[in-house]
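Okay, protein.cif is below, mmCIF, C-alpha atoms:
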```cif
data_data
#
loop_
_atom_site.group_PDB
_atom_site.id
_atom_site.type_symbol
_atom_site.label_atom_id
_atom_site.label_comp_id
_atom_site.auth_asym_id
_atom_site.auth_seq_id
_atom_site.Cartn_x
_atom_site.Cartn_y
_atom_site.Cartn_z
ATOM 1 C CA MET L 1 10.410 -50.298 8.117
ATOM 2 C CA VAL L 2 8.087 -48.906 5.431
ATOM 3 C CA ARG L 3 5.775 -47.545 8.102
ATOM 4 C CA ARG L 4 8.681 -45.721 9.781
ATOM 5 C CA VAL L 5 9.777 -44.198 6.455
ATOM 6 C CA LEU L 6 6.246 -43.012 5.720
ATOM 7 C CA SER L 7 5.875 -41.580 9.211
ATOM 8 C CA PHE L 8 9.175 -39.740 8.851
ATOM 9 C CA ALA L 9 8.102 -38.362 5.471
ATOM 10 C CA ARG L 10 4.821 -37.163 6.950
ATOM 11 C CA LEU L 11 6.754 -35.543 9.811
ATOM 12 C CA VAL L 12 9.002 -33.688 7.368
ATOM 13 C CA THR L 13 5.941 -32.495 5.450
ATOM 14 C CA LEU L 14 4.236 -31.349 8.625
ATOM 15 C CA ILE L 15 7.320 -29.395 9.734
ATOM 16 C CA ALA L 16 7.516 -27.735 6.317
ATOM 17 C CA VAL L 17 3.840 -26.753 6.466
ATOM 18 C CA LEU L 18 4.175 -25.369 9.986
ATOM 19 C CA THR L 19 7.304 -23.413 9.065
ATOM 20 C CA ALA L 20 5.617 -21.906 6.026
ATOM 21 C CA GLY L 21 2.632 -21.013 8.163
ATOM 22 C CA LEU L 22 4.786 -19.281 10.753
ATOM 23 C CA LEU L 23 6.654 -17.348 8.081
ATOM 24 C CA ALA L 24 3.386 -16.301 6.447
ATOM 25 C CA CYS L 25 2.036 -15.235 9.812
ATOM 26 C CA PHE L 26 5.142 -13.159 10.496
ATOM 27 C CA ALA L 27 4.925 -11.547 7.068
ATOM 28 C CA ALA L 28 1.245 -10.751 7.634
ATOM 29 C CA ARG L 29 2.044 -9.023 10.933
ATOM 30 C CA GLY L 30 4.645 -6.864 9.269
ATOM 31 C CA VAL L 31 7.925 -5.486 10.514
ATOM 32 C CA ARG L 32 7.864 -4.183 14.065
ATOM 33 C CA LEU L 33 9.997 -1.164 14.886
ATOM 34 C CA GLN L 34 11.770 -1.024 18.257
ATOM 35 C CA ALA L 35 10.214 1.234 20.859
ATOM 36 C CA GLY L 36 12.920 3.075 22.785
ATOM 37 C CA VAL L 37 15.409 2.543 19.945
ATOM 38 C CA ASP L 38 13.734 3.700 16.723
ATOM 39 C CA TYR L 39 11.145 5.934 18.372
ATOM 40 C CA GLY L 40 9.931 6.842 21.829
ATOM 41 C CA GLU L 41 8.475 9.433 24.147
ATOM 42 C CA ASP L 42 10.323 11.870 26.376
ATOM 43 C CA GLY L 43 8.516 14.372 28.575
ATOM 44 C CA GLY L 44 5.253 13.733 26.760
ATOM 45 C CA LYS L 45 6.780 14.449 23.342
ATOM 46 C CA VAL L 46 7.555 11.944 20.604
ATOM 47 C CA TRP L 47 11.083 11.492 19.260
ATOM 48 C CA VAL L 48 12.299 9.477 16.268
ATOM 49 C CA ARG L 49 15.726 8.256 15.207
ATOM 50 C CA GLY L 50 17.394 8.962 11.906
ATOM 51 C CA PRO L 51 18.284 7.938 9.373
ATOM 52 C CA TRP L 52 15.865 5.125 8.525
ATOM 53 C CA ASP L 53 17.911 2.505 6.712
ATOM 54 C CA ALA L 54 14.927 1.515 4.551
ATOM 55 C CA ILE L 55 15.120 4.864 2.739
ATOM 56 C CA ALA L 56 18.080 5.767 0.530
ATOM 57 C CA PRO L 57 19.157 9.404 0.986
ATOM 58 C CA SER L 58 19.140 11.713 -2.007
ATOM 59 C CA THR L 59 19.881 15.290 -3.015
ATOM 60 C CA ASP L 60 16.362 15.270 -4.521
ATOM 61 C CA VAL L 61 13.753 15.266 -1.751
ATOM 62 C CA ASP L 62 11.152 13.781 -4.115
ATOM 63 C CA GLU L 63 13.273 10.653 -4.443
ATOM 64 C CA VAL L 64 13.097 10.244 -0.679
ATOM 65 C CA ILE L 65 9.335 10.876 -0.655
ATOM 66 C CA ASP L 66 8.788 8.247 -3.367
ATOM 67 C CA GLN L 67 10.327 5.570 -1.127
ATOM 68 C CA LEU L 68 8.214 6.260 1.946
ATOM 69 C CA CYS L 69 4.949 4.493 1.143
ATOM 70 C CA PRO L 70 6.433 1.114 0.100
ATOM 71 C CA ALA L 71 8.674 1.136 3.190
ATOM 72 C CA VAL L 72 5.861 2.018 5.618
ATOM 73 C CA ALA L 73 3.571 -0.560 3.965
ATOM 74 C CA ARG L 74 5.847 -3.312 5.285
ATOM 75 C CA LEU L 75 5.415 -2.200 8.893
ATOM 76 C CA GLU L 76 3.139 -3.831 11.437
ATOM 77 C CA ARG L 77 -0.559 -2.927 11.022
ATOM 78 C CA ALA L 78 0.212 -0.205 8.484
ATOM 79 C CA ARG L 79 -2.378 -1.580 6.042
ATOM 80 C CA ASP L 80 -4.983 -2.951 8.439
ATOM 81 C CA GLY L 81 -7.700 -0.340 7.983
ATOM 82 C CA ASP L 82 -9.864 0.088 11.059
ATOM 83 C CA ASP L 83 -7.535 -2.328 12.889
ATOM 84 C CA GLY L 84 -4.430 -0.501 11.716
ATOM 85 C CA VAL L 85 -2.209 2.302 12.950
ATOM 86 C CA GLU L 86 -0.765 5.454 11.459
ATOM 87 C CA TYR L 87 2.970 6.100 11.318
ATOM 88 C CA CYS L 88 4.545 9.568 11.623
ATOM 89 C CA GLY L 89 8.112 10.499 10.722
ATOM 90 C CA LEU L 90 10.302 13.354 9.530
ATOM 91 C CA ILE L 91 12.207 14.307 6.384
ATOM 92 C CA TYR L 92 15.357 16.318 6.973
ATOM 93 C CA SER L 93 18.660 17.391 5.480
ATOM 94 C CA LEU L 94 22.253 17.346 6.682
ATOM 95 C CA PRO L 95 25.237 19.512 5.653
ATOM 96 C CA ASP L 96 26.100 16.878 3.033
ATOM 97 C CA GLY L 97 23.252 18.297 0.930
ATOM 98 C CA ARG L 98 21.232 15.096 0.997
ATOM 99 C CA TYR L 99 17.728 14.503 2.329
ATOM 100 C CA HIS L 100 17.019 11.680 4.764
ATOM 101 C CA ALA L 101 13.962 10.116 6.381
ATOM 102 C CA SER L 102 13.656 9.197 10.034
ATOM 103 C CA PHE L 103 12.204 6.017 11.387
ATOM 104 C CA PRO L 104 8.442 6.528 11.732
ATOM 105 C CA SER L 105 6.594 6.284 15.036
ATOM 106 C CA PRO L 106 3.217 4.566 15.630
ATOM 107 C CA LEU L 107 2.597 6.498 18.857
ATOM 108 C CA GLY L 108 -0.781 8.190 18.767
ATOM 109 C CA LEU L 109 -3.853 8.875 20.843
ATOM 110 C CA ARG L 110 -4.800 5.838 22.937
ATOM 111 C CA LYS L 111 -8.467 6.076 21.969
ATOM 112 C CA HIS L 112 -7.451 5.562 18.324
ATOM 113 C CA ALA L 113 -5.257 2.505 18.961
ATOM 114 C CA LYS L 114 -8.177 0.042 18.905
ATOM 115 C CA HIS L 115 -10.613 -0.901 16.130
ATOM 116 C CA GLY L 116 -12.292 2.123 14.616
ATOM 117 C CA PRO L 117 -12.428 4.552 11.693
ATOM 118 C CA GLU L 118 -10.284 7.201 13.397
ATOM 119 C CA LYS L 119 -6.519 6.817 13.719
ATOM 120 C CA SER L 120 -3.750 9.127 14.816
ATOM 121 C CA CYS L 121 -0.013 9.360 15.085
ATOM 122 C CA ARG L 122 1.634 12.205 16.922
ATOM 123 C CA ILE L 123 4.045 14.317 14.894
ATOM 124 C CA PRO L 124 7.556 13.836 16.308
ATOM 125 C CA SER L 125 8.969 16.863 18.100
ATOM 126 C CA THR L 126 12.577 15.673 18.237
ATOM 127 C CA LEU L 127 14.892 13.973 15.749
ATOM 128 C CA ARG L 128 17.852 11.991 17.039
ATOM 129 C CA ASP L 129 20.679 11.994 14.497
ATOM 130 C CA ASP L 130 24.074 13.116 15.787
ATOM 131 C CA ARG L 131 25.890 13.220 12.440
ATOM 132 C CA GLY L 132 25.741 16.995 12.167
ATOM 133 C CA VAL L 133 23.520 20.059 12.160
ATOM 134 C CA LEU L 134 20.213 19.039 10.621
ATOM 135 C CA GLU L 135 17.268 20.916 9.174
ATOM 136 C CA ILE L 136 13.767 19.431 9.254
ATOM 137 C CA LEU L 137 11.875 20.031 6.021
ATOM 138 C CA SER L 138 8.696 18.024 6.487
ATOM 139 C CA ASP L 139 6.761 15.511 8.496
ATOM 140 C CA PHE L 140 5.099 12.513 6.854
ATOM 141 C CA HIS L 141 2.367 10.156 7.936
ATOM 142 C CA SER L 142 0.432 7.181 6.631
ATOM 143 C CA HIS L 143 -3.253 6.288 6.591
ATOM 144 C CA PRO L 144 -4.057 2.561 7.015
ATOM 145 C CA TRP L 145 -6.873 2.601 4.422
ATOM 146 C CA PRO L 146 -7.065 2.898 0.622
ATOM 147 C CA ASP L 147 -8.381 6.107 -0.949
ATOM 148 C CA ALA L 148 -7.613 8.113 2.185
ATOM 149 C CA PRO L 149 -6.310 11.637 1.467
ATOM 150 C CA PHE L 150 -5.498 14.344 4.013
ATOM 151 C CA SER L 151 -8.232 14.854 6.587
ATOM 152 C CA ARG L 152 -9.334 18.309 7.695
ATOM 153 C CA GLY L 153 -7.455 17.722 10.923
ATOM 154 C CA ASP L 154 -4.291 16.998 8.929
ATOM 155 C CA LEU L 155 -4.661 20.315 7.106
ATOM 156 C CA SER L 156 -5.621 22.493 10.081
ATOM 157 C CA SER L 157 -3.197 25.282 10.920
ATOM 158 C CA GLY L 158 -2.422 23.828 14.352
ATOM 159 C CA LYS L 159 -0.783 20.786 12.722
ATOM 160 C CA GLN L 160 1.618 22.694 10.467
ATOM 161 C CA LYS L 161 5.135 22.621 11.916
ATOM 162 C CA TRP L 162 7.282 22.734 8.787
ATOM 163 C CA SER L 163 7.155 24.010 5.224
ATOM 164 C CA ILE L 164 5.448 20.909 3.798
ATOM 165 C CA ARG L 165 3.500 17.833 4.944
ATOM 166 C CA ILE L 166 3.414 14.443 3.223
ATOM 167 C CA GLU L 167 0.629 11.850 3.545
ATOM 168 C CA PHE L 168 -0.103 8.586 1.766
ATOM 169 C CA ASP L 169 -2.656 5.754 1.872
ATOM 170 C CA THR L 170 -2.419 1.999 1.294
ATOM 171 C CA ASN L 171 -2.774 2.538 -2.467
ATOM 172 C CA CYS L 172 0.435 4.593 -2.215
ATOM 173 C CA ARG L 173 -1.432 7.669 -3.364
ATOM 174 C CA VAL L 174 0.922 10.383 -2.094
ATOM 175 C CA TYR L 175 -0.167 13.913 -1.169
ATOM 176 C CA LYS L 176 1.864 17.012 -0.352
ATOM 177 C CA TYR L 177 0.518 20.011 1.532
ATOM 178 C CA VAL L 178 2.264 23.366 1.303
ATOM 179 C CA PRO L 179 0.505 25.396 4.019
ATOM 180 C CA HIS L 180 2.188 28.741 3.341
ATOM 181 C CA SER L 181 1.955 29.389 7.062
ATOM 182 C CA ASN L 182 2.086 33.053 8.100
ATOM 183 C CA GLU L 183 1.560 34.074 4.484
ATOM 184 C CA THR L 184 -1.471 35.764 2.955
ATOM 185 C CA ARG L 185 -1.926 33.067 0.343
ATOM 186 C CA PRO L 186 -3.919 29.827 0.276
ATOM 187 C CA GLY L 187 -2.415 26.499 1.237
ATOM 188 C CA GLU L 188 -1.862 24.138 -1.701
ATOM 189 C CA ILE L 189 -2.467 20.386 -1.862
ATOM 190 C CA PHE L 190 -0.676 18.349 -4.511
ATOM 191 C CA LEU L 191 -0.983 14.743 -5.665
ATOM 192 C CA ARG L 192 2.097 12.830 -6.794
ATOM 193 C CA VAL L 193 1.508 11.714 -10.387
ATOM 194 C CA GLY L 194 4.441 9.846 -11.870
ATOM 195 C CA LYS L 195 7.444 12.027 -11.135
ATOM 196 C CA ALA L 196 5.490 15.284 -10.895
ATOM 197 C CA TRP L 197 3.183 17.051 -8.431
ATOM 198 C CA ARG L 198 -0.319 17.954 -9.655
ATOM 199 C CA LEU L 199 -2.310 20.639 -7.837
ATOM 200 C CA GLN L 200 -5.498 19.073 -6.469
ATOM 201 C CA SER L 201 -7.037 21.549 -4.086
ATOM 202 C CA ILE L 202 -6.425 24.636 -1.992
ATOM 203 C CA VAL L 203 -7.083 25.686 1.588
ATOM 204 C CA ARG L 204 -8.362 29.255 1.529
ATOM 205 C CA LEU L 205 -7.079 31.786 4.030
ATOM 206 C CA ASP L 206 -10.328 31.740 5.993
ATOM 207 C CA ASP L 207 -10.275 27.922 6.083
ATOM 208 C CA LYS L 208 -6.700 27.375 7.260
ATOM 209 C CA ARG L 209 -7.671 27.064 10.911
ATOM 210 C CA ASP L 210 -10.065 24.148 10.396
ATOM 211 C CA GLY L 211 -8.345 22.683 7.308
ATOM 212 C CA LYS L 212 -11.255 22.787 4.888
ATOM 213 C CA SER L 213 -10.039 22.181 1.331
ATOM 214 C CA THR L 214 -11.653 23.472 -1.861
ATOM 215 C CA PRO L 215 -12.688 21.295 -3.563
ATOM 216 C CA ALA L 216 -12.913 18.701 -0.810
ATOM 217 C CA LEU L 217 -10.320 15.980 -1.415
ATOM 218 C CA LYS L 218 -12.873 13.203 -0.912
ATOM 219 C CA GLU L 219 -14.839 14.592 -3.865
ATOM 220 C CA LEU L 220 -11.790 14.044 -6.059
ATOM 221 C CA GLN L 221 -11.362 10.326 -5.252
#
```

Rendering of file as structure tokens:
Amino acid sequence: MVRRVLSFARLVTLIAVLTAGLLACFAARGVRLQAGVDYGEDGGKVWVRGPWDAIAPSTDVDEVIDQLCPAVARLERARDGDDGVEYCGLIYSLPDGRYHASFPSPLGLRKHAKHGPEKSCRIPSTLRDDRGVLEILSDFHSHPWPDAPFSRGDLSSGKQKWSIRIEFDTNCRVYKYVPHSNETRPGEIFLRVGKAWRLQSIVRLDDKRDGKSTPALKELQ
């Protein structure tokens, strides 16, 4: 009888250990978004759904931006460095005067999906939110490494679709790029410091095409 009790106790312990291990494994993998529901591809272009329920809407767009990095950090492979993926989404407003964030998409170039120092996510072209007439303000994307500011490709003129761009790394260092597209003035790169934006660098008129910043953002790390 004692042996049976001990065996049962060991079984309970083993089940508890296995359950904890499975939960830890799931947590390590991160939250997986649903392809075809939260994001997808149609005619070769990426679409995303809004609003993302992980982000509380606000009349202050900065309050929405401040929520993005912690929410993306919980997603699958968002913090895995050379084994990770980038996520791209959109920030937009509705007639209610509030800003919202879409679900982000991990869809990128296939050659960047495997292990390596180069990652990509394709900026969504379409936002699916049927609650009213919407206006897209910005795209946002993550980098799966620490100390990873905008790349030159991120800042190049061919990537600028809206009035600002947002990017953040696994340290939740958040950058904003105001490209001033079609204006005869330099683009401006800001770093989020507390509840303010601090000018870090500029992209001169002659450098807008290739996205060269002055000073180079990597020099400021």

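Near Trp145 (chain L), within 12 Å and counting all atoms listed in the file, sit Ala73, Arg77, Ala78, Arg79, Asp80, Gly81, Asp82, Asp83, Gly84, Val85, Glu86, Gly116, Pro117, Glu118, Lys119, Phe150, Glu167, Phe168, Asp169, Thr170, Asn171, Cys172 and Arg173 of chain L; same-chain residues fewer than 5 positions away were not included.
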
*Do you know which residues the PyMOL selection byres ((chain L and resi 179-186) around 8) returns on this file, as a list in words?*
Leu155, Ser157, Gln160, Ser163, Ile164, Tyr177, Val178, Gly187, Glu188, Ile202, Val203, Arg204, Leu205 and Lys208 of chain L

### Task
Could you give me, as an MDAnalysis selection string, the residues within 10 Å of Lys161 (chain L), counting only C-alpha atoms and dropping anything in the same chain fewer than 4 positions from it?
chainID L and resid 123 125 136:139 157 165 179 181

File of the preceding selection, C-alpha atoms, as a PDB file, in the coordinates of the input:
```
ATOM      1  CA  ILE L 123       4.045  14.317  14.894  1.00  0.00           C
ATOM      2  CA  SER L 125       8.969  16.863  18.100  1.00  0.00           C
ATOM      3  CA  ILE L 136      13.767  19.431   9.254  1.00  0.00           C
ATOM      4  CA  LEU L 137      11.875  20.031   6.021  1.00  0.00           C
ATOM      5  CA  SER L 138       8.696  18.024   6.487  1.00  0.00           C
ATOM      6  CA  ASP L 139       6.761  15.511   8.496  1.00  0.00           C
ATOM      7  CA  SER L 157      -3.197  25.282  10.920  1.00  0.00           C
ATOM      8  CA  ARG L 165       3.500  17.833   4.944  1.00  0.00           C
ATOM      9  CA  PRO L 179       0.505  25.396   4.019  1.00  0.00           C
ATOM     10  CA  SER L 181       1.955  29.389   7.062  1.00  0.00           C
TER      11      SER L 181
END
```

Q.
From (-8.3, 11.9, 20.7), in the file's coordinates, out to 9 Å: which residues are reached, counting all atoms listed in the file? Answer as a VMD selection string.
A. chain L and resid 108 to 112 118 to 120

Write the residues you've just listed into a file as a CSV table (one decimal), in the frame of the given file, and include C-alpha atoms for each of them.
```csv
chain,number,residue,atom,x,y,z
L,108,GLY,CA,-0.8,8.2,18.8
L,109,LEU,CA,-3.9,8.9,20.8
L,110,ARG,CA,-4.8,5.8,22.9
L,111,LYS,CA,-8.5,6.1,22.0
L,112,HIS,CA,-7.5,5.6,18.3
L,118,GLU,CA,-10.3,7.2,13.4
L,119,LYS,CA,-6.5,6.8,13.7
L,120,SER,CA,-3.8,9.1,14.8
```

Check: How many Å separate CA of Phe140 (chain L) from CA of Asp206 (chain L)?
Finding: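 Interatomic distance, CA of Phe140 (chain L) to CA of Asp206 (chain L): 24.7 Å.
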
| task | Any chance you could resolve the PyMOL selection byres ((chain L and resi 55-59) around 7) against this file and give the residues as a VMD selection string? | result | chain L and resid 52 to 54 60 to 61 63 to 64 67 97 to 101

Option closest in space to Lys218 (chain L), from L:Ile65, L:Lys159, L:Trp197, L:Asp147 [counting all atoms listed in the file]:
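That would be L:Asp147, the residue with the smallest distance to Lys218 (chain L).
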
Practice problem: Measure the distance from CA of Pro215 (chain L) to CA of Ser201 (chain L) in Å and round it to one decimal. | Solution: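 Answer for the CA of Pro215 (chain L) to CA of Ser201 (chain L) separation: 5.7 Å.
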
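Counting all atoms listed in the file, the residue from L:Pro106, L:Gly211, L:Gly89, L:Gly30 that sits nearest to Pro51 (chain L) is L:Gly89.
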
The PyMOL selection byres ((chain L and resi 134) around 7) applied to the shown file, residues as JSON, numbers by chain: {"L": [92, 93, 94, 132, 133, 135, 136]}

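Going from CA of Arg74 (chain L) to CA of Tyr87 (chain L) covers 11.5 Å.
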
* Can you list, as a count of residues only, every protein, DNA or RNA residue that comes within 10 Å of Ala35 (chain L) when you count all atoms listed in the file, leaving out same-chain residues fewer than 6 positions away? -> 5
